[in-house]
$ cat entry-v1.cif   # mmCIF, C-alpha atoms
data_query
loop_
_atom_site.group_PDB
_atom_site.id
_atom_site.type_symbol
_atom_site.label_atom_id
_atom_site.label_comp_id
_atom_site.auth_asym_id
_atom_site.auth_seq_id
_atom_site.Cartn_x
_atom_site.Cartn_y
_atom_site.Cartn_z
ATOM 1 C CA MET T 1 197.001 52.214 139.330
ATOM 2 C CA PRO T 2 193.733 53.441 138.008
ATOM 3 C CA MET T 3 192.307 56.532 139.450
ATOM 4 C CA ARG T 4 189.028 56.090 141.265
ATOM 5 C CA ARG T 5 186.713 58.931 141.798
ATOM 6 C CA VAL T 6 184.910 58.884 145.076
ATOM 7 C CA LEU T 7 181.458 60.348 144.938
ATOM 8 C CA PRO T 8 180.385 62.300 147.927
ATOM 9 C CA ARG T 9 177.937 60.391 150.088
ATOM 10 C CA THR T 10 174.399 61.685 150.208
ATOM 11 C CA PRO T 11 173.393 62.641 153.692
ATOM 12 C CA PRO T 12 170.730 60.329 155.211
ATOM 13 C CA CYS T 13 168.239 63.151 155.572
ATOM 14 C CA ARG T 14 168.338 63.836 151.807
ATOM 15 C CA ARG T 15 167.895 60.153 151.009
ATOM 16 C CA PHE T 16 164.859 60.101 153.255
ATOM 17 C CA ALA T 17 163.410 63.195 151.550
ATOM 18 C CA GLY T 18 164.044 61.644 148.136
ATOM 19 C CA ALA T 19 162.243 58.477 149.125
ATOM 20 C CA ILE T 20 159.241 60.482 150.236
ATOM 21 C CA MET T 21 159.252 62.381 146.940
ATOM 22 C CA MET T 22 159.405 59.171 144.880
ATOM 23 C CA GLY T 23 156.645 57.631 146.930
ATOM 24 C CA ALA T 24 154.468 60.646 146.397
ATOM 25 C CA LEU T 25 155.030 60.542 142.631
ATOM 26 C CA TRP T 26 154.297 56.821 142.490
ATOM 27 C CA ALA T 27 151.118 57.225 144.505
ATOM 28 C CA ALA T 28 149.950 60.080 142.284
ATOM 29 C CA SER T 29 150.549 57.997 139.168
ATOM 30 C CA ALA T 30 148.013 55.508 140.447
ATOM 31 C CA PHE T 31 145.347 58.195 139.981
ATOM 32 C CA PHE T 32 146.374 59.211 136.458
ATOM 33 C CA PRO T 33 143.948 56.806 134.704
ATOM 34 C CA ALA T 34 141.030 58.087 136.762
ATOM 35 C CA LEU T 35 141.956 61.659 135.995
ATOM 36 C CA ALA T 36 142.117 60.829 132.314
ATOM 37 C CA ALA T 37 138.693 59.245 132.442
ATOM 38 C CA ASP T 38 137.299 62.392 133.999
ATOM 39 C CA ALA T 39 138.808 64.625 131.339
ATOM 40 C CA PRO T 40 136.345 66.464 129.068
ATOM 41 C CA ALA T 41 137.546 64.570 126.021
ATOM 42 C CA ALA T 42 136.525 61.281 127.611
ATOM 43 C CA ARG T 43 133.072 62.660 128.415
ATOM 44 C CA ALA T 44 132.421 63.753 124.828
ATOM 45 C CA PRO T 45 129.074 62.522 123.548
ATOM 46 C CA PRO T 46 129.157 59.320 121.532
ATOM 47 C CA ALA T 47 129.302 59.522 117.771
ATOM 48 C CA THR T 48 125.878 59.910 116.204
ATOM 49 C CA GLY T 49 126.767 59.230 112.603
ATOM 50 C CA ALA T 50 124.847 62.383 111.707
ATOM 51 C CA PRO T 51 126.245 65.165 109.525
ATOM 52 C CA PRO T 52 127.779 68.011 111.568
ATOM 53 C CA ASN T 53 124.924 70.320 110.611
ATOM 54 C CA LEU T 54 122.270 67.902 111.810
ATOM 55 C CA ASP T 55 123.205 67.327 115.411
ATOM 56 C CA LEU T 56 119.749 67.116 116.970
ATOM 57 C CA SER T 57 120.645 65.375 120.213
ATOM 58 C CA ALA T 58 123.222 67.619 121.866
ATOM 59 C CA PRO T 59 123.059 67.431 125.683
ATOM 60 C CA GLY T 60 120.326 69.651 127.100
ATOM 61 C CA VAL T 61 118.750 70.356 123.711
ATOM 62 C CA ALA T 62 115.069 69.826 122.980
ATOM 63 C CA TRP T 63 112.814 71.042 120.164
ATOM 64 C CA ALA T 64 109.692 73.036 120.966
ATOM 65 C CA GLY T 65 106.771 72.868 118.572
ATOM 66 C CA PHE T 66 105.328 76.193 119.566
ATOM 67 C CA VAL T 67 106.735 79.454 120.826
ATOM 68 C CA GLN T 68 104.236 81.902 122.200
ATOM 69 C CA PRO T 69 104.122 85.118 120.178
ATOM 70 C CA LYS T 70 104.913 88.340 122.009
ATOM 71 C CA GLU T 71 101.543 89.767 121.075
ATOM 72 C CA PRO T 72 98.311 88.191 119.815
ATOM 73 C CA ASN T 73 98.858 86.818 116.346
ATOM 74 C CA TYR T 74 96.230 84.637 114.724
ATOM 75 C CA ARG T 75 98.553 83.218 112.080
ATOM 76 C CA ILE T 76 101.040 82.064 114.687
ATOM 77 C CA ALA T 77 98.459 80.903 117.190
ATOM 78 C CA ARG T 78 96.755 78.842 114.522
ATOM 79 C CA LEU T 79 99.957 76.879 114.060
ATOM 80 C CA PHE T 80 99.689 75.652 117.628
ATOM 81 C CA ASN T 81 98.628 72.284 116.334
ATOM 82 C CA ASP T 82 98.331 72.656 112.606
ATOM 83 C CA TYR T 83 100.676 72.143 109.692
ATOM 84 C CA GLY T 84 102.386 74.857 107.724
ATOM 85 C CA ASP T 85 102.135 75.095 103.973
ATOM 86 C CA THR T 86 104.745 74.098 101.499
ATOM 87 C CA GLU T 87 105.842 76.709 98.976
ATOM 88 C CA THR T 88 104.498 74.720 96.060
ATOM 89 C CA GLY T 89 102.211 71.798 95.471
ATOM 90 C CA LEU T 90 99.149 70.582 97.252
ATOM 91 C CA GLY T 91 99.104 71.424 100.944
ATOM 92 C CA PRO T 92 97.252 70.061 103.948
ATOM 93 C CA THR T 93 93.465 69.892 103.829
ATOM 94 C CA SER T 94 92.885 73.068 105.772
ATOM 95 C CA THR T 95 95.663 75.513 105.164
ATOM 96 C CA MET T 96 96.016 79.223 105.579
ATOM 97 C CA ARG T 97 97.021 79.599 101.948
ATOM 98 C CA SER T 98 94.008 77.761 100.564
ATOM 99 C CA ARG T 99 91.736 79.651 102.958
ATOM 100 C CA GLY T 100 93.146 82.917 101.666
ATOM 101 C CA ARG T 101 94.560 83.964 105.026
ATOM 102 C CA MET W 1 75.227 86.683 114.181
ATOM 103 C CA LYS W 2 77.956 84.208 113.251
ATOM 104 C CA ILE W 3 79.039 82.030 116.115
ATOM 105 C CA GLN W 4 82.678 81.028 116.167
ATOM 106 C CA PRO W 5 82.814 77.293 116.830
ATOM 107 C CA THR W 6 84.882 76.192 119.780
ATOM 108 C CA TYR W 7 86.315 73.168 118.035
ATOM 109 C CA ARG W 8 88.148 73.210 114.728
ATOM 110 C CA VAL W 9 86.115 72.549 111.598
ATOM 111 C CA ALA W 10 87.709 71.319 108.379
ATOM 112 C CA ASP W 11 87.226 73.543 105.344
ATOM 113 C CA LEU W 12 85.881 71.156 102.737
ATOM 114 C CA GLY W 13 85.497 73.811 100.093
ATOM 115 C CA ASN W 14 89.115 74.558 99.334
ATOM 116 C CA ALA W 15 91.354 73.139 96.621
ATOM 117 C CA ALA W 16 93.195 70.793 98.955
ATOM 118 C CA ALA W 17 89.930 69.257 100.138
ATOM 119 C CA LYS W 18 89.131 68.208 96.566
ATOM 120 C CA ASN W 19 91.994 65.786 96.975
ATOM 121 C CA LEU W 20 89.969 63.758 99.454
ATOM 122 C CA MET W 21 88.217 60.596 98.290
ATOM 123 C CA PRO W 22 84.445 60.498 98.927
ATOM 124 C CA TRP W 23 84.586 58.349 102.050
ATOM 125 C CA VAL W 24 87.156 60.708 103.577
ATOM 126 C CA ARG W 25 85.006 63.748 102.789
ATOM 127 C CA GLN W 26 82.002 62.021 104.341
ATOM 128 C CA ALA W 27 83.965 61.217 107.473
ATOM 129 C CA LEU W 28 85.100 64.822 107.767
ATOM 130 C CA SER W 29 81.565 66.102 107.151
ATOM 131 C CA ARG W 30 80.273 63.947 109.991
ATOM 132 C CA GLN W 31 83.070 65.184 112.227
ATOM 133 C CA ASN W 32 82.363 68.793 111.264
ATOM 134 C CA GLU W 33 78.721 68.353 112.281
ATOM 135 C CA LEU W 34 79.791 67.000 115.659
ATOM 136 C CA ALA W 35 82.312 69.792 116.166
ATOM 137 C CA LEU W 36 79.740 72.468 115.315
ATOM 138 C CA ARG W 37 77.436 70.953 117.940
ATOM 139 C CA GLY W 38 80.292 71.100 120.437
ATOM 140 C CA ARG W 39 80.818 67.363 120.528
ATOM 141 C CA ASN W 40 83.838 65.132 119.964
ATOM 142 C CA GLY W 41 85.990 68.113 119.178
ATOM 143 C CA GLU W 42 89.033 67.085 121.159
ATOM 144 C CA SER W 43 91.973 65.853 119.148
ATOM 145 C CA ARG W 44 92.740 62.162 119.128
ATOM 146 C CA GLU W 45 95.901 62.874 121.074
ATOM 147 C CA ALA W 46 94.002 64.778 123.727
ATOM 148 C CA ARG W 47 92.062 61.549 124.302
ATOM 149 C CA CYS W 48 95.370 59.734 124.776
ATOM 150 C CA TRP W 49 95.354 57.823 121.526
ATOM 151 C CA GLU W 50 98.577 57.375 119.622
ATOM 152 C CA THR W 51 98.918 59.941 116.869
ATOM 153 C CA GLY W 52 100.582 58.147 113.976
ATOM 154 C CA VAL W 53 102.554 60.067 111.371
ATOM 155 C CA PRO W 54 102.604 62.895 110.333
ATOM 156 C CA ALA W 55 100.239 63.920 113.165
ATOM 157 C CA PHE W 56 103.077 63.038 115.569
ATOM 158 C CA HIS W 57 104.572 66.416 114.704
ATOM 159 C CA LEU W 58 101.451 68.383 115.622
ATOM 160 C CA ASN W 59 102.109 68.188 119.345
ATOM 161 C CA PRO W 60 103.485 71.592 120.347
ATOM 162 C CA GLY W 61 105.468 70.202 123.275
ATOM 163 C CA LEU W 62 109.171 69.506 123.606
ATOM 164 C CA MET W 63 110.652 66.811 121.401
ATOM 165 C CA HIS W 64 113.818 65.130 122.643
ATOM 166 C CA ILE W 65 115.974 63.200 120.213
ATOM 167 C CA ILE W 66 118.564 60.492 120.634
ATOM 168 C CA GLN W 67 120.826 59.906 117.654
ATOM 169 C CA THR W 68 123.035 56.897 117.229
ATOM 170 C CA PRO W 69 124.679 55.587 114.060
ATOM 171 C CA LYS W 70 122.035 52.864 113.723
ATOM 172 C CA GLU W 71 118.906 54.367 115.219
ATOM 173 C CA MET W 72 117.214 57.643 115.979
ATOM 174 C CA VAL W 73 114.589 57.865 118.720
ATOM 175 C CA LEU W 74 112.076 60.701 118.990
ATOM 176 C CA PHE W 75 110.372 61.356 122.346
ATOM 177 C CA LEU W 76 107.416 63.731 122.356
ATOM 178 C CA THR W 77 105.197 63.969 125.441
ATOM 179 C CA GLY W 78 104.880 60.265 125.950
ATOM 180 C CA ARG W 79 105.051 59.275 122.284
ATOM 181 C CA VAL W 80 108.089 57.364 121.089
ATOM 182 C CA ARG W 81 109.165 56.792 117.508
ATOM 183 C CA HIS W 82 112.070 54.668 116.331
ATOM 184 C CA ILE W 83 113.809 55.432 113.037
ATOM 185 C CA TRP W 84 116.175 52.746 111.829
ATOM 186 C CA LEU W 85 119.058 54.180 109.829
ATOM 187 C CA ASN W 86 120.601 52.906 106.606
ATOM 188 C CA VAL W 87 118.479 49.781 106.344
ATOM 189 C CA PRO W 88 115.685 48.839 103.931
ATOM 190 C CA HIS W 89 112.117 48.224 105.013
ATOM 191 C CA SER W 90 111.534 44.754 106.330
ATOM 192 C CA GLY W 91 108.999 42.531 104.634
ATOM 193 C CA ASN W 92 105.520 41.498 105.833
ATOM 194 C CA LEU W 93 104.971 44.393 108.165
ATOM 195 C CA GLU W 94 102.457 44.060 110.951
ATOM 196 C CA PRO W 95 100.354 47.279 110.885
ATOM 197 C CA SER W 96 101.172 49.513 113.834
ATOM 198 C CA TRP W 97 100.485 52.993 115.200
ATOM 199 C CA TYR W 98 103.750 54.492 113.923
ATOM 200 C CA GLY W 99 104.549 52.020 111.166
ATOM 201 C CA GLU W 100 108.115 51.190 110.273
ATOM 202 C CA SER W 101 110.438 54.156 109.761
ATOM 203 C CA VAL W 102 113.763 53.852 107.955
ATOM 204 C CA GLY W 103 116.046 56.809 107.430
ATOM 205 C CA ARG W 104 119.151 57.935 105.611
ATOM 206 C CA TYR W 105 121.194 61.107 105.481
ATOM 207 C CA GLU W 106 121.236 63.058 102.233
ATOM 208 C CA GLY W 107 123.729 65.870 102.763
ATOM 209 C CA ASP W 108 122.474 67.852 105.738
ATOM 210 C CA THR W 109 119.002 66.342 105.572
ATOM 211 C CA LEU W 110 117.625 63.228 107.234
ATOM 212 C CA VAL W 111 115.100 61.528 104.980
ATOM 213 C CA VAL W 112 112.677 59.200 106.759
ATOM 214 C CA ASP W 113 110.379 56.826 104.909
ATOM 215 C CA THR W 114 107.508 55.267 106.861
ATOM 216 C CA ILE W 115 105.000 52.582 105.887
ATOM 217 C CA GLY W 116 103.172 49.818 107.710
ATOM 218 C CA PHE W 117 100.592 51.933 109.558
ATOM 219 C CA ASN W 118 97.311 50.729 110.963
ATOM 220 C CA ASP W 119 94.224 52.753 109.988
ATOM 221 C CA LYS W 120 93.296 53.893 113.499
ATOM 222 C CA THR W 121 94.897 57.340 113.456
ATOM 223 C CA PHE W 122 94.166 60.631 111.711
ATOM 224 C CA VAL W 123 96.588 62.608 109.587
ATOM 225 C CA ASP W 124 95.722 65.993 111.119
ATOM 226 C CA SER W 125 93.846 67.780 113.875
ATOM 227 C CA TYR W 126 90.613 67.755 111.839
ATOM 228 C CA ARG W 127 90.365 63.977 112.112
ATOM 229 C CA THR W 128 91.093 63.263 108.453
ATOM 230 C CA PRO W 129 91.237 59.459 108.220
ATOM 231 C CA HIS W 130 93.541 57.293 106.139
ATOM 232 C CA THR W 131 94.037 53.653 105.208
ATOM 233 C CA ASP W 132 96.835 51.206 105.951
ATOM 234 C CA LYS W 133 98.324 52.160 102.567
ATOM 235 C CA LEU W 134 99.526 55.437 104.076
ATOM 236 C CA HIS W 135 103.089 56.300 103.082
ATOM 237 C CA VAL W 136 104.859 59.287 104.660
ATOM 238 C CA VAL W 137 108.258 60.717 103.739
ATOM 239 C CA GLU W 138 109.713 63.255 106.154
ATOM 240 C CA ARG W 139 112.760 65.448 105.572
ATOM 241 C CA PHE W 140 114.437 66.763 108.740
ATOM 242 C CA ARG W 141 116.906 69.644 108.422
ATOM 243 C CA LEU W 142 118.167 72.572 110.479
ATOM 244 C CA ILE W 143 117.529 76.125 109.301
ATOM 245 C CA ASP W 144 117.926 79.602 110.819
ATOM 246 C CA GLY W 145 121.512 78.939 111.825
ATOM 247 C CA GLY W 146 120.607 75.688 113.535
ATOM 248 C CA ASN W 147 117.907 77.206 115.741
ATOM 249 C CA THR W 148 114.958 75.738 113.874
ATOM 250 C CA LEU W 149 114.283 72.119 113.005
ATOM 251 C CA GLU W 150 112.186 71.959 109.871
ATOM 252 C CA VAL W 151 110.248 68.802 109.137
ATOM 253 C CA ALA W 152 108.839 68.850 105.622
ATOM 254 C CA PHE W 153 106.745 65.842 104.720
ATOM 255 C CA THR W 154 104.745 64.339 101.905
ATOM 256 C CA VAL W 155 101.749 62.101 102.437
ATOM 257 C CA GLU W 156 100.367 59.619 99.966
ATOM 258 C CA ASP W 157 97.579 57.138 100.419
ATOM 259 C CA PRO W 158 95.943 55.708 97.301
ATOM 260 C CA GLY W 159 93.024 54.621 99.470
ATOM 261 C CA ALA W 160 92.239 58.100 100.805
ATOM 262 C CA PHE W 161 93.810 60.856 98.681
ATOM 263 C CA TYR W 162 93.808 61.268 94.909
ATOM 264 C CA GLN W 163 97.343 62.620 94.894
ATOM 265 C CA PRO W 164 100.157 63.191 97.402
ATOM 266 C CA TRP W 165 100.047 66.314 99.528
ATOM 267 C CA ALA W 166 102.674 68.028 101.603
ATOM 268 C CA GLY W 167 103.117 70.083 104.738
ATOM 269 C CA THR W 168 105.719 71.393 107.135
ATOM 270 C CA ARG W 169 106.156 71.637 110.838
ATOM 271 C CA ASN W 170 108.922 73.649 112.488
ATOM 272 C CA ARG W 171 110.386 73.281 115.950
ATOM 273 C CA HIS W 172 112.616 75.687 117.805
ATOM 274 C CA ARG W 173 115.793 74.811 119.672
ATOM 275 C CA VAL W 174 115.460 74.979 123.439
ATOM 276 C CA VAL W 175 118.546 74.543 125.599
ATOM 277 C CA ASN W 176 118.394 73.537 129.230
ATOM 278 C CA PRO W 177 121.518 71.697 130.411
ATOM 279 C CA ASN W 178 119.723 70.477 133.524
ATOM 280 C CA ALA W 179 116.674 69.147 131.716
ATOM 281 C CA GLN W 180 115.769 65.500 132.052
ATOM 282 C CA LEU W 181 113.558 63.410 129.844
ATOM 283 C CA PRO W 182 110.184 63.778 131.551
ATOM 284 C CA GLU W 183 107.829 60.956 132.351
ATOM 285 C CA PHE W 184 104.384 61.362 130.890
ATOM 286 C CA ASP W 185 101.190 59.809 132.131
ATOM 287 C CA CYS W 186 98.079 60.427 130.058
ATOM 288 C CA ALA W 187 94.424 60.208 130.951
ATOM 289 C CA ALA W 188 94.187 59.242 134.572
ATOM 290 C CA ALA W 189 90.411 59.427 135.196
ATOM 291 C CA ASN W 190 89.945 61.294 131.930
ATOM 292 C CA ASP W 191 86.302 60.345 131.415
ATOM 293 C CA ASP W 192 83.406 62.088 129.684
ATOM 294 C CA TYR W 193 81.884 63.411 132.910
ATOM 295 C CA TYR W 194 79.929 66.193 131.191
ATOM 296 C CA ASN W 195 78.519 64.059 128.389
ATOM 297 C CA ILE W 196 79.964 66.093 125.535
ATOM 298 C CA GLY W 197 80.596 63.134 123.305
ATOM 299 C CA LEU W 198 84.234 62.643 124.130
ATOM 300 C CA GLU W 199 85.843 59.637 122.547
ATOM 301 C CA PRO W 200 86.694 56.953 125.115
ATOM 302 C CA VAL W 201 90.327 56.758 126.112
ATOM 303 C CA PRO W 202 92.101 53.677 124.762
ATOM 304 C CA SER W 203 92.137 50.544 126.851
ATOM 305 C CA ALA W 204 93.853 47.217 126.398
ATOM 306 C CA GLU W 205 91.893 44.005 125.994
ATOM 307 C CA LYS W 206 94.710 41.994 127.479
ATOM 308 C CA GLN W 207 97.855 42.727 129.401
ATOM 309 C CA SER W 208 100.954 43.396 127.352
ATOM 310 C CA PHE W 209 103.246 41.730 129.857
#
$ encode --input "entry-v1.cif" --output "structure tokens"
Amino acid sequence: MPMRRVLPRTPPCRRFAGAIMMGALWAASAFFPALAADAPAARAPPATGAPPNLDLSAPGVAWAGFVQPKEPNYRIARLFNDYGDTETGLGPTSTMRSRGR
Amino acid sequence: MKIQPTYRVADLGNAAAKNLMPWVRQALSRQNELALRGRNGESREARCWETGVPAFHLNPGLMHIIQTPKEMVLFLTGRVRHIWLNVPHSGNLEPSWYGESVGRYEGDTLVVDTIGFNDKTFVDSYRTPHTDKLHVVERFRLIDGGNTLEVAFTVEDPGAFYQPWAGTRNRHRVVNPNAQLPEFDCAAANDDYYNIGLEPVPSAEKQSF
């Protein structure tokens, strides 16, 4: 006659606690997709196609055409709405280089 | 006593000015006379006209940029430019304020080629005119460890300049995580109340929509 091992019965209170635990895990799993969507990786900015060293549109970044000098400076102030020179070649019509300044 | 003029006056005696064709020199001479009399000295942009290119870069304000794989959009105090990436110029362009800009990346530089302008803008703050043959090539790159955006450009216009000329315009990185793209409304009641020869603000002959 084959031997039969009798497993000890789990007390009802433990079965009840286990059911609560499983229910809690199942309920939490329902929120996993939302949590994943909120993860930083999912909020990464879309690809720009630009080279890494030419990321001009990072969040919160803008480009100012003029920064006020700390003390009066004609050369800087003049650039408020004027072009700068190129190192070689013909420059803009009225440039500091051609004016000898 | 030498009186410093309030408005900017183009120096027509320098080497670069010799590059101007006669009609351009005459236009600048007329403008210089007005400026020295304290008239019509405001920039075109100050009178709410579109700036064209390269004068777009003269505005000292904040430029915001949106980059996508197919398009780059530049916002600068109410002005908007579209740069279409990795496509050729389309044919039969209708002349427009900012022309048609197409761009491509060359290493760490964005090269933008623009044609198809109308002839209603000026190329600088001195009111140097141009024709609809204007052709501008801009090269955008980051220098100073990424803190400065350099825009180097060349301008050619066989109807206005004898040979191409070049210039640069730098912008500095400003970071404000809470910043939003601002709305801009130009010229509400911006009339010539003091009769100083201000250019009229632009107005539409018919509704756009």
$ closest_residue --input "entry-v1.cif" --among "W:Trp165, W:Trp97, W:Phe153, W:Phe184" --to "chain T" --atoms "all atoms listed in the file"
W:Trp165
$ resolve_selection --input "entry-v1.cif" --expression "the PyMOL selection byres ((chain T) within 8 of (chain W))" --output "ChimeraX atom specification"
/T:46-54,56-57,59-67,80-86,89-94,98-99
$ resolve_selection --input "entry-v1.cif" --expression "the PyMOL selection byres ((chain W and resi 101) around 9)" --output "PDB file with C-alpha atoms, in the coordinates of the input"
ATOM      1  CA  ARG W  81     109.165  56.792 117.508  1.00  0.00           C
ATOM      2  CA  HIS W  82     112.070  54.668 116.331  1.00  0.00           C
ATOM      3  CA  ILE W  83     113.809  55.432 113.037  1.00  0.00           C
ATOM      4  CA  TRP W  84     116.175  52.746 111.829  1.00  0.00           C
ATOM      5  CA  LEU W  85     119.058  54.180 109.829  1.00  0.00           C
ATOM      6  CA  HIS W  89     112.117  48.224 105.013  1.00  0.00           C
ATOM      7  CA  TYR W  98     103.750  54.492 113.923  1.00  0.00           C
ATOM      8  CA  GLY W  99     104.549  52.020 111.166  1.00  0.00           C
ATOM      9  CA  GLU W 100     108.115  51.190 110.273  1.00  0.00           C
ATOM     10  CA  VAL W 102     113.763  53.852 107.955  1.00  0.00           C
ATOM     11  CA  GLY W 103     116.046  56.809 107.430  1.00  0.00           C
ATOM     12  CA  VAL W 112     112.677  59.200 106.759  1.00  0.00           C
ATOM     13  CA  ASP W 113     110.379  56.826 104.909  1.00  0.00           C
ATOM     14  CA  THR W 114     107.508  55.267 106.861  1.00  0.00           C
ATOM     15  CA  ILE W 115     105.000  52.582 105.887  1.00  0.00           C
ATOM     16  CA  GLY W 116     103.172  49.818 107.710  1.00  0.00           C
TER      17      GLY W 116
END
$ atom_distance --input "entry-v1.cif" --atom1 "atom CA of W:Arg47" --atom2 "atom CA of W:Cys186"
8.4 Å
$ atom_distance --input "entry-v1.cif" --atom1 "atom CA of W:Ser203" --atom2 "atom CA of W:Asp191"
12.3 Å
$ residues_around --input "entry-v1.cif" --residues "stretch 156-160 of chain W" --least-positions-apart "6" --cutoff "9 Å" --atoms "all atoms listed in the file" --output "PDB file with C-alpha atoms, keeping the file's coordinate frame"
ATOM      1  CA  ASN W  19      91.994  65.786  96.975  1.00  0.00           C
ATOM      2  CA  LEU W  20      89.969  63.758  99.454  1.00  0.00           C
ATOM      3  CA  MET W  21      88.217  60.596  98.290  1.00  0.00           C
ATOM      4  CA  PRO W  22      84.445  60.498  98.927  1.00  0.00           C
ATOM      5  CA  TRP W  23      84.586  58.349 102.050  1.00  0.00           C
ATOM      6  CA  VAL W  24      87.156  60.708 103.577  1.00  0.00           C
ATOM      7  CA  PRO W 129      91.237  59.459 108.220  1.00  0.00           C
ATOM      8  CA  HIS W 130      93.541  57.293 106.139  1.00  0.00           C
ATOM      9  CA  THR W 131      94.037  53.653 105.208  1.00  0.00           C
ATOM     10  CA  ASP W 132      96.835  51.206 105.951  1.00  0.00           C
ATOM     11  CA  LYS W 133      98.324  52.160 102.567  1.00  0.00           C
ATOM     12  CA  LEU W 134      99.526  55.437 104.076  1.00  0.00           C
ATOM     13  CA  HIS W 135     103.089  56.300 103.082  1.00  0.00           C
ATOM     14  CA  VAL W 136     104.859  59.287 104.660  1.00  0.00           C
ATOM     15  CA  VAL W 137     108.258  60.717 103.739  1.00  0.00           C
ATOM     16  CA  ALA W 166     102.674  68.028 101.603  1.00  0.00           C
TER      17      ALA W 166
END
$ atom_distance --input "entry-v1.cif" --atom1 "atom CA of W:Gly197" --atom2 "atom CA of W:Gly38"
8.5 Å
$ residues_around --input "entry-v1.cif" --residues "stretch 204-208 of chain W" --least-positions-apart "2" --cutoff "12 Å" --atoms "only C-alpha atoms" --output "NGL selection string"
:W and (49 or 201-202)
